[in-house]
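Colleague: Here's a structure for you.
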Amino acid sequence: MKATITLVLLGVASHTFAQLPEDILRYSFYPQVGTARSLAIGGAMGSLGGDISSTFTNPAGLGLYKTRELVLTPGMGFNSNHNDFRGTNATSSLNRFQLGTSGFVFGAPTQVPNTKWKGSAFSIAVTKVSDFNNHSYYRGLNNYSSYADQYADDANQSGQSIDGILNDPSFAYGTSLALGTYLIDTVTNGSGQQQYVGLPDFLLNEKIPLIQEKTVDSRGGMSEVDVAFAASHMDKWYIGGALGFPIVYVNQTIHYTETASSPDPSGNFVSSSFYDNRISKGYGVNLRLGVIFKPDNSLRLGAAFTSPSVIGTTDTHNATMTTNTGSYAGTQTAQASDYLGNASSSNNYTLITPWRALLSASYVFNAVEDVKQQRGFVTADLEYVGYHESGFGSTASSDDDPTWGSTPAQNAYYHTLTQLVHSQYKDAVNLKVGGELKLDTWLARLGFAHYGNPHRDNDDLKAGKTIFSAGLGYRNFGMFFDVGYAYAIATDVDFPYLVSSKENTFADLRDHRGTLMITWGVKF
């Protein structure tokens, strides 16, 4: 399996502090966890209201509150990954604690006589937007390319000598490590010119495939704290807004190994391994506006818009490479810190996530004013996500980040990376549907959601999420207790490395993720 990706300018794959286009999906392709009720109905909360998770979907839904409410939502996530790389299957798993939507809602009817504004509500809530806790592994035989190719391409495109590259901190996390461990070196081509090549390519020329393995361990996620306000006009129009504050923490370690499947006839390459650890921390802001219209008591129509999150992010990066070149140079180990000089191991930049637009409709059965007499509902959300308009920006001055030496260089790098995001991703549509059946104090729920493919290359790069969900609820004496379970089947792709001189090979990822949430709440 191969796909062509254009790597323009700057050698995105191997320069210092290299962010990648897939970082955009990391922060935006996961469905929100929500409350147990929201989870059980597929997350289709755009027009229902009356649930604290409206804060993060359509804040106008808070306008239906007439009382105060405290909500807590703990839960567990169960991951099982099934990955295929060049015809070889591998599995891995990880289970982790999660926090769903929790917080306070302060709702009250208006105290002003003879006004059409019938009530208002204010909320402070926190939720997990993206969960990065995962353990992923794949392996396979590759007779086409080596991860050394990305470094050889980078070195050739730089036009620099070996000493020039080794003394340039911008190569410290990739190409310098490959040169320092002799994974790549210079040879004289047929035109008598020096060029950089990877030692594993000599095995590929002898028709000896490489055993390639990649393990990714990720911890953390993106949470969001929102402050929201909503008001009710004649109990027909509900208008709301929320100011969101995303908080990012990701600790990701990549271990990549490449081993000769048979002995090298020239005895020059045995194996190479690359450890890469990146810790990302960031804080940001976004704005969400929404409206719900009730033409009658049974029907509710909703619309909401969420602005891109602008997140100031700091990455701290460490990398180590060890290469066994056999009789060529033995076993050599190099660390990025060996080539950084006085440059910092951290990098500051701005991440801009996709904007979202939501349309929703709900129908309530036996929609009388006394909610105890209502018999349930069906609801659906249609969400449009602007993936291709996401991007990156520079926030650091040249003094903050001497690796680059000048702010224009940083600006050019992130401009190029943003162009790559625009060319690689497209906008996508998500569908969420759900329903609830009310039986006195007990409630039964079902839901379904499908998240569309954000990759522009639909033929080769398949990605999407399909979620089936169900749950139960209990409400009595001003207290409620909900249990929700969602089973998600997600597909995506992962490139072990990116090269500009060949087509790129990738792994097909299939993630089976179960999420169990329990919500406890009290009205007061």
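We label chains A, B, ... in the order they appear in the structure tokens, count residues from 1 in each chain, and number ligands from 1 in the order shown.
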Can you list, as a JSON list (two decimals) with N, CA and C atoms, in the first residue's frame, every protein, DNA or RNA residue that comes within 6 Å of stretch 220-237 of chain A when you count only C-alpha atoms, leaving out same-chain residues fewer than 2 positions away?
Modeller:
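As written to disk, around-v2.json reads:
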[["chain", "number", "residue", "atom", "x", "y", "z"],
["A", 60, "ALA", "N", -27.19, 26.89, 23.68],
["A", 60, "ALA", "CA", -28.58, 27.33, 23.79],
["A", 60, "ALA", "C", -29.42, 26.34, 24.58],
["A", 62, "LEU", "N", -28.87, 25.06, 27.32],
["A", 62, "LEU", "CA", -28.90, 25.38, 28.75],
["A", 62, "LEU", "C", -30.10, 26.25, 29.10],
["A", 63, "GLY", "N", -30.67, 26.92, 28.10],
["A", 63, "GLY", "CA", -31.81, 27.79, 28.35],
["A", 63, "GLY", "C", -33.05, 27.04, 28.81],
["A", 116, "LYS", "N", -40.71, 39.01, 28.11],
["A", 116, "LYS", "CA", -40.76, 37.83, 27.25],
["A", 116, "LYS", "C", -39.58, 36.90, 27.49],
["A", 117, "TRP", "N", -38.59, 37.35, 28.24],
["A", 117, "TRP", "CA", -37.46, 36.49, 28.58],
["A", 117, "TRP", "C", -37.84, 35.68, 29.82],
["A", 118, "LYS", "N", -38.04, 34.40, 29.64],
["A", 118, "LYS", "CA", -38.63, 33.57, 30.68],
["A", 118, "LYS", "C", -37.63, 32.91, 31.62],
["A", 119, "GLY", "N", -36.39, 32.90, 31.28],
["A", 119, "GLY", "CA", -35.41, 32.28, 32.16],
["A", 119, "GLY", "C", -34.02, 32.36, 31.58],
["A", 120, "SER", "N", -33.04, 32.01, 32.41],
["A", 120, "SER", "CA", -31.64, 32.02, 31.98],
["A", 120, "SER", "C", -30.87, 30.97, 32.75],
["A", 121, "ALA", "N", -29.71, 30.65, 32.25],
["A", 121, "ALA", "CA", -28.87, 29.64, 32.90],
["A", 121, "ALA", "C", -27.41, 29.97, 32.64],
["A", 122, "PHE", "N", -26.59, 29.60, 33.60],
["A", 122, "PHE", "CA", -25.15, 29.82, 33.54],
["A", 122, "PHE", "C", -24.48, 28.51, 33.92],
["A", 123, "SER", "N", -23.43, 28.12, 33.21],
["A", 123, "SER", "CA", -22.76, 26.84, 33.52],
["A", 123, "SER", "C", -21.25, 27.00, 33.52],
["A", 124, "ILE", "N", -20.63, 26.20, 34.35],
["A", 124, "ILE", "CA", -19.18, 26.01, 34.36],
["A", 124, "ILE", "C", -18.96, 24.51, 34.29],
["A", 125, "ALA", "N", -18.30, 24.04, 33.23],
["A", 125, "ALA", "CA", -18.18, 22.59, 33.02],
["A", 125, "ALA", "C", -16.84, 22.25, 32.40],
["A", 126, "VAL", "N", -16.44, 21.00, 32.60],
["A", 126, "VAL", "CA", -15.21, 20.48, 32.01],
["A", 126, "VAL", "C", -15.54, 19.17, 31.31],
["A", 127, "THR", "N", -14.86, 18.91, 30.19],
["A", 127, "THR", "CA", -15.06, 17.65, 29.49],
["A", 127, "THR", "C", -13.77, 17.23, 28.81],
["A", 128, "LYS", "N", -13.67, 15.96, 28.46],
["A", 128, "LYS", "CA", -12.54, 15.45, 27.69],
["A", 128, "LYS", "C", -12.92, 15.53, 26.22],
["A", 129, "VAL", "N", -12.23, 16.37, 25.46],
["A", 129, "VAL", "CA", -12.51, 16.53, 24.04],
["A", 129, "VAL", "C", -11.86, 15.42, 23.24],
["A", 130, "SER", "N", -10.59, 15.17, 23.49],
["A", 130, "SER", "CA", -9.84, 14.12, 22.78],
["A", 130, "SER", "C", -9.08, 13.29, 23.80],
["A", 131, "ASP", "N", -9.15, 11.99, 23.65],
["A", 131, "ASP", "CA", -8.45, 11.07, 24.55],
["A", 131, "ASP", "C", -7.31, 10.42, 23.77],
["A", 132, "PHE", "N", -6.07, 10.65, 24.22],
["A", 132, "PHE", "CA", -4.90, 10.14, 23.50],
["A", 132, "PHE", "C", -4.31, 8.89, 24.13],
["A", 133, "ASN", "N", -4.90, 8.38, 25.19],
["A", 133, "ASN", "CA", -4.35, 7.21, 25.86],
["A", 133, "ASN", "C", -4.49, 5.99, 24.95],
["A", 239, "ILE", "N", -31.26, 30.99, 23.21],
["A", 239, "ILE", "CA", -30.03, 31.53, 22.64],
["A", 239, "ILE", "C", -28.91, 31.37, 23.67],
["A", 240, "GLY", "N", -27.74, 30.91, 23.22],
["A", 240, "GLY", "CA", -26.65, 30.69, 24.17],
["A", 240, "GLY", "C", -25.28, 30.88, 23.55],
["A", 241, "GLY", "N", -24.32, 31.08, 24.40],
["A", 241, "GLY", "CA", -22.92, 31.20, 23.98],
["A", 241, "GLY", "C", -22.00, 30.63, 25.04],
["A", 242, "ALA", "N", -20.84, 30.20, 24.62],
["A", 242, "ALA", "CA", -19.86, 29.62, 25.55],
["A", 242, "ALA", "C", -18.46, 30.04, 25.14],
["A", 243, "LEU", "N", -17.67, 30.32, 26.14],
["A", 243, "LEU", "CA", -16.25, 30.60, 25.94],
["A", 243, "LEU", "C", -15.49, 29.39, 26.43],
["A", 244, "GLY", "N", -14.74, 28.77, 25.54],
["A", 244, "GLY", "CA", -14.04, 27.54, 25.87],
["A", 244, "GLY", "C", -12.54, 27.74, 26.02],
["A", 245, "PHE", "N", -11.96, 26.97, 26.93],
["A", 245, "PHE", "CA", -10.53, 27.06, 27.20],
["A", 245, "PHE", "C", -9.92, 25.65, 27.12],
["A", 246, "PRO", "N", -9.45, 25.25, 25.93],
["A", 246, "PRO", "CA", -8.82, 23.93, 25.78],
["A", 246, "PRO", "C", -7.51, 23.85, 26.56],
["A", 247, "ILE", "N", -7.25, 22.67, 27.11],
["A", 247, "ILE", "CA", -6.01, 22.39, 27.83],
["A", 247, "ILE", "C", -5.43, 21.11, 27.26],
["A", 248, "VAL", "N", -4.22, 21.18, 26.74],
["A", 248, "VAL", "CA", -3.60, 20.05, 26.05],
["A", 248, "VAL", "C", -2.43, 19.51, 26.87],
["A", 249, "TYR", "N", -2.40, 18.20, 27.04],
["A", 249, "TYR", "CA", -1.21, 17.52, 27.55],
["A", 249, "TYR", "C", -1.10, 16.18, 26.84],
["A", 250, "VAL", "N", 0.00, 15.99, 26.13],
["A", 250, "VAL", "CA", 0.26, 14.74, 25.42],
["A", 250, "VAL", "C", 1.70, 14.32, 25.68],
["A", 292, "ILE", "N", -31.77, 27.43, 19.63],
["A", 292, "ILE", "CA", -32.78, 26.37, 19.52],
["A", 292, "ILE", "C", -34.14, 27.03, 19.37],
["A", 293, "PHE", "N", -34.93, 26.52, 18.44],
["A", 293, "PHE", "CA", -36.28, 27.05, 18.20],
["A", 293, "PHE", "C", -37.28, 25.92, 18.39],
["A", 294, "LYS", "N", -38.34, 26.21, 19.18],
["A", 294, "LYS", "CA", -39.43, 25.26, 19.39],
["A", 294, "LYS", "C", -40.70, 25.81, 18.73]]
Colleague: From a DSSP calculation on the backbone, collect every residue of stretch 85-235 of chain A in alpha helix (DSSP H) and output the set as number ranges by chain.
Modeller: A: 148-158, 162-166, 175-180, 200-205
Colleague: Can I get the selection written as a CSV table (one decimal), in the first residue's frame, with C-alpha atoms?
Modeller:
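File result30.csv, as written:
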chain,number,residue,atom,x,y,z
A,148,ALA,CA,16.8,6.0,6.2
A,149,ASP,CA,15.5,7.4,2.9
A,150,GLN,CA,13.8,10.3,4.7
A,151,TYR,CA,17.2,11.4,6.2
A,152,ALA,CA,19.1,10.8,2.9
A,153,ASP,CA,16.6,12.9,1.0
A,154,ASP,CA,16.8,15.7,3.7
A,155,ALA,CA,20.6,15.7,3.5
A,156,ASN,CA,20.6,15.8,-0.3
A,157,GLN,CA,18.1,18.6,-0.5
A,158,SER,CA,20.0,20.7,2.1
A,162,ILE,CA,28.4,16.3,6.6
A,163,ASP,CA,30.0,18.8,9.0
A,164,GLY,CA,27.5,21.5,7.9
A,165,ILE,CA,24.5,19.2,8.8
A,166,LEU,CA,26.0,18.0,12.1
A,175,THR,CA,19.3,13.7,9.8
A,176,SER,CA,22.1,14.4,12.3
A,177,LEU,CA,21.3,11.2,14.2
A,178,ALA,CA,21.3,9.2,10.9
A,179,LEU,CA,24.7,10.6,10.0
A,180,GLY,CA,26.1,10.2,13.5
A,200,PRO,CA,19.6,-0.3,4.2
A,201,ASP,CA,19.0,0.6,0.6
A,202,PHE,CA,22.0,-1.7,-0.4
A,203,LEU,CA,19.9,-4.6,1.1
A,204,LEU,CA,16.9,-3.5,-0.9
A,205,ASN,CA,19.0,-3.5,-4.0
Colleague: Would you work out the distance separating atom CA of A:Asn83 from atom CA of A:Tyr384, expressed in Å to one decimal?
Modeller: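 So the answer is 28.3 Å.
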Colleague: Would you kindly return, as a compact mmCIF listing (two decimals) with N, CA and C atoms, in the first residue's frame, each protein, DNA or RNA residue with an atom no farther than 12 Å from any atom of A:Val187, considering only C-alpha atoms and excluding same-chain residues fewer than 3 positions away?
Modeller:
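File produced: selection-v6.txt:
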# COMPACT_ATOMS: atom_id res chain seq x y z
N ALA A 152 18.27 10.64 4.12
CA ALA A 152 19.10 10.83 2.94
C ALA A 152 18.51 11.91 2.03
N ASN A 156 20.39 15.42 1.09
CA ASN A 156 20.65 15.78 -0.30
C ASN A 156 20.00 17.12 -0.65
N ILE A 184 23.04 6.71 7.39
CA ILE A 184 23.27 7.24 6.05
C ILE A 184 24.71 7.71 5.95
N GLY A 190 27.32 7.83 -10.28
CA GLY A 190 27.88 7.60 -11.62
C GLY A 190 28.40 8.85 -12.29
N SER A 191 27.96 10.02 -11.82
CA SER A 191 28.44 11.29 -12.39
C SER A 191 29.63 11.84 -11.64
N GLY A 192 30.15 11.06 -10.69
CA GLY A 192 31.30 11.51 -9.93
C GLY A 192 30.96 12.50 -8.83
N GLN A 193 29.67 12.65 -8.51
CA GLN A 193 29.25 13.56 -7.46
C GLN A 193 28.94 12.80 -6.18
N GLN A 194 29.14 13.50 -5.07
CA GLN A 194 28.83 12.91 -3.77
C GLN A 194 27.33 13.06 -3.49
N GLN A 195 26.73 11.99 -2.98
CA GLN A 195 25.34 12.07 -2.55
C GLN A 195 25.15 11.19 -1.32
N TYR A 196 24.09 11.50 -0.57
CA TYR A 196 23.79 10.75 0.66
C TYR A 196 22.87 9.58 0.33
N VAL A 197 23.18 8.43 0.89
CA VAL A 197 22.34 7.25 0.72
C VAL A 197 22.20 6.55 2.06
N GLY A 198 21.15 5.76 2.20
CA GLY A 198 20.94 4.96 3.41
C GLY A 198 21.54 3.58 3.25
N LEU A 199 22.22 3.10 4.29
CA LEU A 199 22.80 1.76 4.21
C LEU A 199 21.76 0.67 3.93
N PHE A 202 21.11 -0.67 0.30
CA PHE A 202 21.95 -1.67 -0.36
C PHE A 202 21.34 -3.07 -0.20
Colleague: Residues of stretch 185-251 of chain A that have any atom at most 12 Å from an atom of stretch 272-276 of chain A: could you tabulate them with the shortest-distance atom pair and the distance in Å to one decimal, using only C-alpha atoms, ordered by chain and increasing number, as CSV?
Modeller:
residue,atom,partner,partner_atom,distance
A:Gly198,CA,A:Ser272,CA,11.3
A:Leu199,CA,A:Ser272,CA,10.3
A:Pro200,CA,A:Ser272,CA,9.4
A:Leu210,CA,A:Ser272,CA,10.7
A:Ile211,CA,A:Ser272,CA,10.5
A:Gln212,CA,A:Ser272,CA,9.8
A:Glu213,CA,A:Ser273,CA,9.4
A:Lys214,CA,A:Phe274,CA,9.5
A:Thr215,CA,A:Tyr275,CA,9.8
A:Val216,CA,A:Asp276,CA,9.6
A:Asp217,CA,A:Asp276,CA,10.6
A:Ser218,CA,A:Asp276,CA,11.8
A:Asn251,CA,A:Asp276,CA,10.7
Colleague: I need the residue nearest A:Tyr182 from this list: A:Tyr413, A:Tyr328, A:Phe78, A:Tyr144. Use only C-alpha atoms for the distance.
Modeller: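 Closest to A:Tyr182, using only C-alpha atoms: A:Tyr328.
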Colleague: Quick one: everything within 12 Å of A:Ile208, counting only C-alpha atoms, minus sequence neighbours fewer than 4 positions away in the same chain. Send it as a short mmCIF file (atom, residue, chain, number, x, y, z; two decimals) with N, CA and C atoms, in the first residue's frame.
Modeller:
data_model
loop_
_atom_site.label_atom_id
_atom_site.label_comp_id
_atom_site.auth_asym_id
_atom_site.auth_seq_id
_atom_site.Cartn_x
_atom_site.Cartn_y
_atom_site.Cartn_z
N LEU A 141 7.09 -6.61 6.51
CA LEU A 141 8.26 -6.69 5.64
C LEU A 141 8.14 -5.64 4.54
N ASN A 142 9.21 -4.89 4.32
CA ASN A 142 9.20 -3.84 3.31
C ASN A 142 10.39 -4.07 2.36
N ASN A 143 10.08 -4.32 1.10
CA ASN A 143 11.13 -4.51 0.09
C ASN A 143 11.23 -3.30 -0.83
N TYR A 144 10.65 -2.18 -0.38
CA TYR A 144 10.54 -1.00 -1.25
C TYR A 144 11.32 0.20 -0.74
N SER A 145 11.24 0.47 0.57
CA SER A 145 11.89 1.66 1.10
C SER A 145 12.35 1.43 2.53
N SER A 146 13.17 2.36 3.02
CA SER A 146 13.71 2.32 4.37
C SER A 146 13.47 3.67 5.03
N PRO A 200 20.53 0.75 4.51
CA PRO A 200 19.56 -0.31 4.22
C PRO A 200 19.19 -0.40 2.74
N ASP A 201 19.39 0.66 1.97
CA ASP A 201 19.05 0.61 0.55
C ASP A 201 19.91 -0.41 -0.21
N PHE A 202 21.11 -0.67 0.30
CA PHE A 202 21.95 -1.67 -0.36
C PHE A 202 21.34 -3.07 -0.20
N LEU A 203 20.66 -3.33 0.95
CA LEU A 203 19.95 -4.59 1.10
C LEU A 203 18.76 -4.66 0.15
N LEU A 204 18.02 -3.54 0.04
CA LEU A 204 16.86 -3.54 -0.86
C LEU A 204 17.29 -3.79 -2.29
N THR A 259 15.20 -3.89 10.75
CA THR A 259 16.15 -4.99 10.85
C THR A 259 16.24 -5.73 9.52
N ALA A 260 17.45 -6.12 9.14
CA ALA A 260 17.63 -6.93 7.94
C ALA A 260 16.97 -8.28 8.13
N SER A 261 16.12 -8.69 7.18
CA SER A 261 15.44 -9.97 7.30
C SER A 261 16.38 -11.14 7.01
N SER A 262 17.47 -10.86 6.30
CA SER A 262 18.52 -11.84 6.04
C SER A 262 19.87 -11.12 6.16
N PRO A 263 20.94 -11.84 6.44
CA PRO A 263 22.23 -11.17 6.60
C PRO A 263 22.62 -10.37 5.35
N ASP A 264 23.16 -9.19 5.60
CA ASP A 264 23.65 -8.33 4.53
C ASP A 264 24.88 -8.98 3.91
N PRO A 265 24.86 -9.27 2.59
CA PRO A 265 26.04 -9.91 1.96
C PRO A 265 27.32 -9.10 2.16
N PHE A 269 24.95 -3.69 7.23
CA PHE A 269 23.77 -3.25 7.98
C PHE A 269 23.11 -4.43 8.67
N VAL A 270 22.85 -4.26 9.96
CA VAL A 270 22.15 -5.28 10.75
C VAL A 270 20.79 -4.76 11.21
#
Colleague: Quick one: distance from atom CA of A:Ala36 to atom CA of A:Tyr474 in Å, one decimal?
Modeller: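 So the answer is 11.7 Å.
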Colleague: Considering only C-alpha atoms, tabulate each residue of stretch 359-390 of chain A that lies at most 7 Å from stretch 433-442 of chain A along with its nearest interatomic pair and the corresponding distance in Å to one decimal; arrange the rows by chain and ascending residue number and present them as CSV.
Modeller:
residue,atom,partner,partner_atom,distance
A:Arg375,CA,A:Lys438,CA,4.8
A:Gly376,CA,A:Leu437,CA,4.5
A:Phe377,CA,A:Glu436,CA,5.3
A:Val378,CA,A:Gly435,CA,4.2
A:Thr379,CA,A:Gly434,CA,5.4
A:Ala380,CA,A:Val433,CA,4.2
A:Asp381,CA,A:Val433,CA,6.3
Colleague: Could those selected residues go to a file with C-alpha atoms, as a PDB file, in the first residue's frame?
Modeller:
ATOM      1  CA  ARG A 375     -42.473   9.549  26.973  1.00  0.00           C
ATOM      2  CA  GLY A 376     -39.162  10.036  25.209  1.00  0.00           C
ATOM      3  CA  PHE A 377     -37.647  11.520  22.065  1.00  0.00           C
ATOM      4  CA  VAL A 378     -35.735  10.929  18.846  1.00  0.00           C
ATOM      5  CA  THR A 379     -32.962  13.300  17.810  1.00  0.00           C
ATOM      6  CA  ALA A 380     -30.372  13.784  15.062  1.00  0.00           C
ATOM      7  CA  ASP A 381     -27.336  16.048  14.541  1.00  0.00           C
TER       8      ASP A 381
END
Colleague: Can you work out which one of A:Gly282, A:Pro74, A:Pro109, A:Gly174 has the shortest atom-to-atom distance to A:Met517, counting only C-alpha atoms?
Modeller: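 Looking at the shortest contact to A:Met517, the residue is A:Pro74.
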Colleague: Kindly indicate which residue among A:Gly302, A:Ala486, A:Leu183, A:Asn268 lies nearest to A:Gln332, using only C-alpha atoms for the distances.
Modeller: A:Leu183
